[in-house]
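Coordinates from final.txt are shown below (compact mmCIF, N, CA and C atoms).
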```
# COMPACT_ATOMS: atom_id res chain seq x y z
N MET J 3 43.55 -31.18 17.74
CA MET J 3 43.47 -30.47 16.47
C MET J 3 44.84 -29.98 16.02
N LYS J 4 45.67 -29.53 16.97
CA LYS J 4 46.99 -29.04 16.64
C LYS J 4 47.90 -30.16 16.12
N SER J 5 47.77 -31.33 16.70
CA SER J 5 48.64 -32.45 16.37
C SER J 5 48.53 -32.86 14.89
N PRO J 6 47.35 -33.03 14.31
CA PRO J 6 47.28 -33.39 12.89
C PRO J 6 47.83 -32.30 11.97
N VAL J 7 47.67 -31.05 12.34
CA VAL J 7 48.19 -29.94 11.52
C VAL J 7 49.71 -29.97 11.53
N ILE J 8 50.29 -30.15 12.68
CA ILE J 8 51.75 -30.20 12.80
C ILE J 8 52.29 -31.42 12.06
N LEU J 9 51.64 -32.56 12.22
CA LEU J 9 52.06 -33.77 11.52
C LEU J 9 51.99 -33.59 10.01
N THR J 10 50.94 -32.99 9.52
CA THR J 10 50.79 -32.74 8.08
C THR J 10 51.89 -31.81 7.57
N ALA J 11 52.20 -30.78 8.34
CA ALA J 11 53.26 -29.84 7.95
C ALA J 11 54.61 -30.54 7.89
N LEU J 12 54.91 -31.36 8.88
CA LEU J 12 56.19 -32.08 8.89
C LEU J 12 56.29 -33.07 7.73
N LEU J 13 55.22 -33.77 7.44
CA LEU J 13 55.22 -34.70 6.31
C LEU J 13 55.40 -33.97 4.98
N SER J 14 54.77 -32.81 4.85
CA SER J 14 54.92 -32.02 3.62
C SER J 14 56.36 -31.58 3.42
N ILE J 15 56.98 -31.13 4.49
CA ILE J 15 58.38 -30.69 4.42
C ILE J 15 59.27 -31.87 4.03
N ALA J 16 59.03 -33.02 4.61
CA ALA J 16 59.83 -34.20 4.30
C ALA J 16 59.67 -34.61 2.84
N LEU J 17 58.47 -34.57 2.32
CA LEU J 17 58.24 -34.95 0.92
C LEU J 17 58.89 -33.97 -0.04
N PHE J 18 58.79 -32.68 0.25
CA PHE J 18 59.40 -31.69 -0.64
C PHE J 18 60.91 -31.77 -0.61
N SER J 19 61.50 -32.08 0.52
CA SER J 19 62.95 -32.17 0.60
C SER J 19 63.47 -33.38 -0.17
N CYS J 20 62.68 -34.45 -0.25
CA CYS J 20 63.08 -35.64 -1.01
C CYS J 20 63.02 -35.40 -2.51
N ALA J 21 62.24 -34.45 -2.95
CA ALA J 21 62.07 -34.19 -4.38
C ALA J 21 63.20 -33.36 -4.97
N LYS J 22 64.08 -32.80 -4.15
CA LYS J 22 65.17 -31.97 -4.64
C LYS J 22 66.21 -32.80 -5.37
N GLU J 23 66.96 -32.15 -6.24
CA GLU J 23 68.06 -32.80 -6.93
C GLU J 23 69.18 -33.05 -5.93
N PRO J 24 70.03 -34.04 -6.21
CA PRO J 24 71.12 -34.34 -5.28
C PRO J 24 72.09 -33.18 -5.16
N GLN J 25 72.54 -32.93 -3.97
CA GLN J 25 73.53 -31.89 -3.73
C GLN J 25 74.91 -32.54 -3.77
N VAL J 26 75.70 -32.22 -4.75
CA VAL J 26 77.01 -32.82 -4.91
C VAL J 26 78.02 -31.93 -4.21
N LYS J 27 78.78 -32.53 -3.33
CA LYS J 27 79.87 -31.81 -2.67
C LYS J 27 81.16 -32.26 -3.33
N HIS J 28 81.79 -31.36 -4.05
CA HIS J 28 83.01 -31.71 -4.74
C HIS J 28 84.16 -31.75 -3.75
N LYS J 29 84.89 -32.82 -3.82
CA LYS J 29 86.05 -33.01 -2.94
C LYS J 29 87.27 -33.25 -3.81
N SER J 30 88.41 -33.11 -3.20
CA SER J 30 89.64 -33.26 -3.97
C SER J 30 89.82 -34.67 -4.51
N HIS J 31 89.19 -35.68 -3.88
CA HIS J 31 89.36 -37.04 -4.36
C HIS J 31 88.41 -37.40 -5.51
N MET J 32 87.50 -36.50 -5.86
CA MET J 32 86.63 -36.75 -7.01
C MET J 32 87.48 -36.62 -8.26
N ASP J 33 87.57 -37.68 -9.00
CA ASP J 33 88.43 -37.65 -10.17
C ASP J 33 87.62 -37.57 -11.46
N SER J 34 88.34 -37.40 -12.52
CA SER J 34 87.71 -37.35 -13.83
C SER J 34 88.32 -38.45 -14.68
N SER J 35 87.81 -38.60 -15.86
CA SER J 35 88.32 -39.63 -16.76
C SER J 35 89.67 -39.24 -17.37
N GLY J 36 90.03 -38.01 -17.26
CA GLY J 36 91.30 -37.58 -17.84
C GLY J 36 91.50 -36.09 -17.69
N GLU J 37 92.32 -35.53 -18.56
CA GLU J 37 92.62 -34.11 -18.53
C GLU J 37 91.43 -33.31 -19.05
N THR J 38 91.53 -32.00 -18.93
CA THR J 38 90.48 -31.12 -19.43
C THR J 38 90.33 -31.32 -20.93
N ILE J 39 89.07 -31.47 -21.36
CA ILE J 39 88.76 -31.70 -22.76
C ILE J 39 88.63 -30.35 -23.47
N LYS J 40 89.23 -30.24 -24.62
CA LYS J 40 89.16 -29.00 -25.38
C LYS J 40 88.55 -29.26 -26.74
N ASN J 41 87.98 -28.23 -27.33
CA ASN J 41 87.41 -28.27 -28.68
C ASN J 41 86.30 -29.30 -28.83
N VAL J 42 85.50 -29.47 -27.81
CA VAL J 42 84.34 -30.36 -27.87
C VAL J 42 83.10 -29.51 -27.71
N GLN J 43 82.17 -29.68 -28.60
CA GLN J 43 80.91 -28.92 -28.58
C GLN J 43 79.90 -29.68 -27.72
N VAL J 44 79.47 -29.09 -26.60
CA VAL J 44 78.47 -29.71 -25.74
C VAL J 44 77.21 -28.86 -25.72
N VAL J 45 76.08 -29.45 -25.34
CA VAL J 45 74.81 -28.73 -25.36
C VAL J 45 74.55 -27.96 -24.06
N ASN J 46 75.34 -28.19 -23.05
CA ASN J 46 75.12 -27.54 -21.76
C ASN J 46 76.31 -26.67 -21.36
N GLU J 47 76.00 -25.52 -20.76
CA GLU J 47 77.05 -24.64 -20.26
C GLU J 47 77.38 -24.93 -18.81
N GLU J 48 76.49 -25.64 -18.13
CA GLU J 48 76.75 -26.03 -16.75
C GLU J 48 76.44 -27.50 -16.57
N ASP J 49 77.13 -28.10 -15.63
CA ASP J 49 76.94 -29.51 -15.33
C ASP J 49 75.50 -29.72 -14.86
N PRO J 50 74.74 -30.62 -15.50
CA PRO J 50 73.34 -30.79 -15.12
C PRO J 50 73.14 -31.43 -13.75
N ILE J 51 74.17 -31.99 -13.16
CA ILE J 51 74.06 -32.61 -11.85
C ILE J 51 74.36 -31.61 -10.74
N CYS J 52 75.53 -30.98 -10.79
CA CYS J 52 75.93 -30.08 -9.70
C CYS J 52 75.80 -28.61 -10.06
N HIS J 53 75.53 -28.30 -11.31
CA HIS J 53 75.32 -26.93 -11.80
C HIS J 53 76.58 -26.07 -11.80
N MET J 54 77.75 -26.72 -11.78
CA MET J 54 78.99 -25.96 -11.95
C MET J 54 79.13 -25.59 -13.42
N LYS J 55 79.73 -24.46 -13.69
CA LYS J 55 80.02 -24.07 -15.07
C LYS J 55 81.06 -25.04 -15.62
N THR J 56 80.83 -25.55 -16.82
CA THR J 56 81.76 -26.52 -17.40
C THR J 56 82.70 -25.91 -18.43
N ALA J 57 82.40 -24.71 -18.90
CA ALA J 57 83.27 -24.08 -19.90
C ALA J 57 84.66 -23.89 -19.31
N GLY J 58 85.66 -24.43 -19.89
CA GLY J 58 87.02 -24.26 -19.40
C GLY J 58 87.46 -25.32 -18.40
N SER J 59 86.53 -26.09 -17.85
CA SER J 59 86.91 -27.15 -16.92
C SER J 59 86.23 -28.47 -17.27
N LEU J 60 85.86 -28.62 -18.50
CA LEU J 60 85.16 -29.83 -18.96
C LEU J 60 86.08 -31.04 -18.82
N LYS J 61 85.64 -32.02 -18.04
CA LYS J 61 86.46 -33.21 -17.78
C LYS J 61 85.88 -34.47 -18.40
N ASP J 62 84.58 -34.58 -18.44
CA ASP J 62 83.94 -35.80 -18.93
C ASP J 62 82.74 -35.44 -19.80
N THR J 63 82.42 -36.33 -20.73
CA THR J 63 81.25 -36.13 -21.58
C THR J 63 80.46 -37.43 -21.67
N ALA J 64 79.19 -37.28 -22.02
CA ALA J 64 78.32 -38.43 -22.27
C ALA J 64 77.39 -38.05 -23.41
N VAL J 65 77.04 -39.01 -24.23
CA VAL J 65 76.13 -38.78 -25.34
C VAL J 65 74.78 -39.38 -24.99
N TYR J 66 73.74 -38.57 -25.14
CA TYR J 66 72.37 -39.02 -24.90
C TYR J 66 71.48 -38.45 -25.98
N LYS J 67 70.79 -39.30 -26.71
CA LYS J 67 69.93 -38.91 -27.83
C LYS J 67 70.67 -38.00 -28.81
N ALA J 68 71.85 -38.43 -29.20
CA ALA J 68 72.70 -37.75 -30.19
C ALA J 68 73.14 -36.35 -29.76
N ARG J 69 73.11 -36.07 -28.47
CA ARG J 69 73.59 -34.79 -27.95
C ARG J 69 74.70 -35.05 -26.95
N VAL J 70 75.75 -34.24 -27.00
CA VAL J 70 76.89 -34.41 -26.11
C VAL J 70 76.72 -33.50 -24.90
N TYR J 71 76.78 -34.09 -23.71
CA TYR J 71 76.67 -33.35 -22.45
C TYR J 71 78.02 -33.36 -21.77
N GLY J 72 78.39 -32.22 -21.19
CA GLY J 72 79.66 -32.10 -20.50
C GLY J 72 79.49 -32.11 -18.99
N PHE J 73 80.50 -32.65 -18.30
CA PHE J 73 80.45 -32.78 -16.85
C PHE J 73 81.79 -32.38 -16.25
N CYS J 74 81.75 -31.98 -14.99
CA CYS J 74 82.96 -31.56 -14.31
C CYS J 74 83.75 -32.74 -13.77
N SER J 75 83.10 -33.89 -13.58
CA SER J 75 83.77 -35.06 -13.02
C SER J 75 83.09 -36.34 -13.47
N SER J 76 83.77 -37.45 -13.26
CA SER J 76 83.18 -38.74 -13.62
C SER J 76 82.01 -39.07 -12.70
N TYR J 77 82.03 -38.56 -11.47
CA TYR J 77 80.90 -38.78 -10.56
C TYR J 77 79.62 -38.18 -11.15
N CYS J 78 79.70 -36.93 -11.60
CA CYS J 78 78.52 -36.27 -12.17
C CYS J 78 78.07 -36.97 -13.46
N LYS J 79 79.03 -37.42 -14.28
CA LYS J 79 78.69 -38.15 -15.49
C LYS J 79 77.97 -39.45 -15.14
N ASP J 80 78.45 -40.16 -14.14
CA ASP J 80 77.82 -41.42 -13.73
C ASP J 80 76.41 -41.19 -13.20
N GLU J 81 76.21 -40.10 -12.45
CA GLU J 81 74.87 -39.77 -11.95
C GLU J 81 73.92 -39.48 -13.11
N PHE J 82 74.41 -38.78 -14.11
CA PHE J 82 73.61 -38.47 -15.30
C PHE J 82 73.20 -39.77 -16.01
N LYS J 83 74.14 -40.68 -16.14
CA LYS J 83 73.88 -41.93 -16.86
C LYS J 83 72.85 -42.80 -16.14
N LYS J 84 72.69 -42.64 -14.85
CA LYS J 84 71.70 -43.42 -14.10
C LYS J 84 70.28 -43.06 -14.52
N ASN J 85 70.05 -41.79 -14.84
CA ASN J 85 68.72 -41.33 -15.22
C ASN J 85 68.85 -40.11 -16.13
N PRO J 86 69.31 -40.29 -17.37
CA PRO J 86 69.57 -39.15 -18.25
C PRO J 86 68.33 -38.33 -18.59
N GLU J 87 67.19 -38.98 -18.66
CA GLU J 87 65.95 -38.25 -19.00
C GLU J 87 65.65 -37.15 -17.97
N ARG J 88 66.02 -37.40 -16.74
CA ARG J 88 65.77 -36.42 -15.67
C ARG J 88 66.61 -35.14 -15.86
N TYR J 89 67.83 -35.31 -16.36
CA TYR J 89 68.76 -34.19 -16.45
C TYR J 89 68.93 -33.61 -17.84
N ALA J 90 68.51 -34.33 -18.86
CA ALA J 90 68.71 -33.89 -20.24
C ALA J 90 67.91 -32.64 -20.54
N GLN J 91 68.49 -31.79 -21.37
CA GLN J 91 67.80 -30.56 -21.78
C GLN J 91 66.66 -30.92 -22.70
N LYS J 92 65.55 -30.26 -22.52
CA LYS J 92 64.36 -30.51 -23.35
C LYS J 92 64.47 -29.78 -24.67
```
For this file, write the structure as structure tokens.
Amino acid sequence: MKSPVILTALLSIALFSCAKEPQVKHKSHMDSSGETIKNVQVVNEEDPICHMKTAGSLKDTAVYKARVYGFCSSYCKDEFKKNPERYAQK
């Protein structure tokens, strides 16, 4: 009786951990498309991938459904482009 309960608990934990958003570890080798972008109006105050604040350190942007999204790095922008519906603001 104990074995199925423990197995069910472990499977539940594994499934919930897979449903989390990716954890991005920023490293010094993560580059951007260029210098910090200024005077660009974006719809997000934080990077939708890693949740870093983008105000003042905006490096990359992407347009999705006529809205401009800002990102801290090209890595985060590329992750957004893979599945923008998942990260786009509703």
Task: Spatial neighbours of Thr38 in chain J, 6.5 Å, only N, CA and C atoms, chain gap at least 6 places, as JSON, numbers by chain - done: {"J": [59, 60, 61]}
TODO: Compile the contact shell of Gln43 in chain J as number ranges by chain: residues with an atom at most 8 Å away, counting all atoms listed in the file, same-chain residues fewer than 5 positions apart removed.
DONE: J: 69-72
Task: atom N of Asp49 in chain J to CA of Phe73 in chain J, straight-line distance in Å - done: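 If I compute the distance from CA of Phe73 in chain J to atom N of Asp49 in chain J, I get 5.9 Å.
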Task: Interatomic distance, atom N of Arg88 in chain J to atom C of Lys40 in chain J (Å, one decimal) - done: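 Straight-line distance from atom N of Arg88 in chain J to atom C of Lys40 in chain J works out to 26.0 Å.
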Task: Separation of atom C of Asn41 in chain J from atom C of Lys84 in chain J, in Å and rounded to one decimal - done: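 Between these atoms lies a distance of 25.5 Å.
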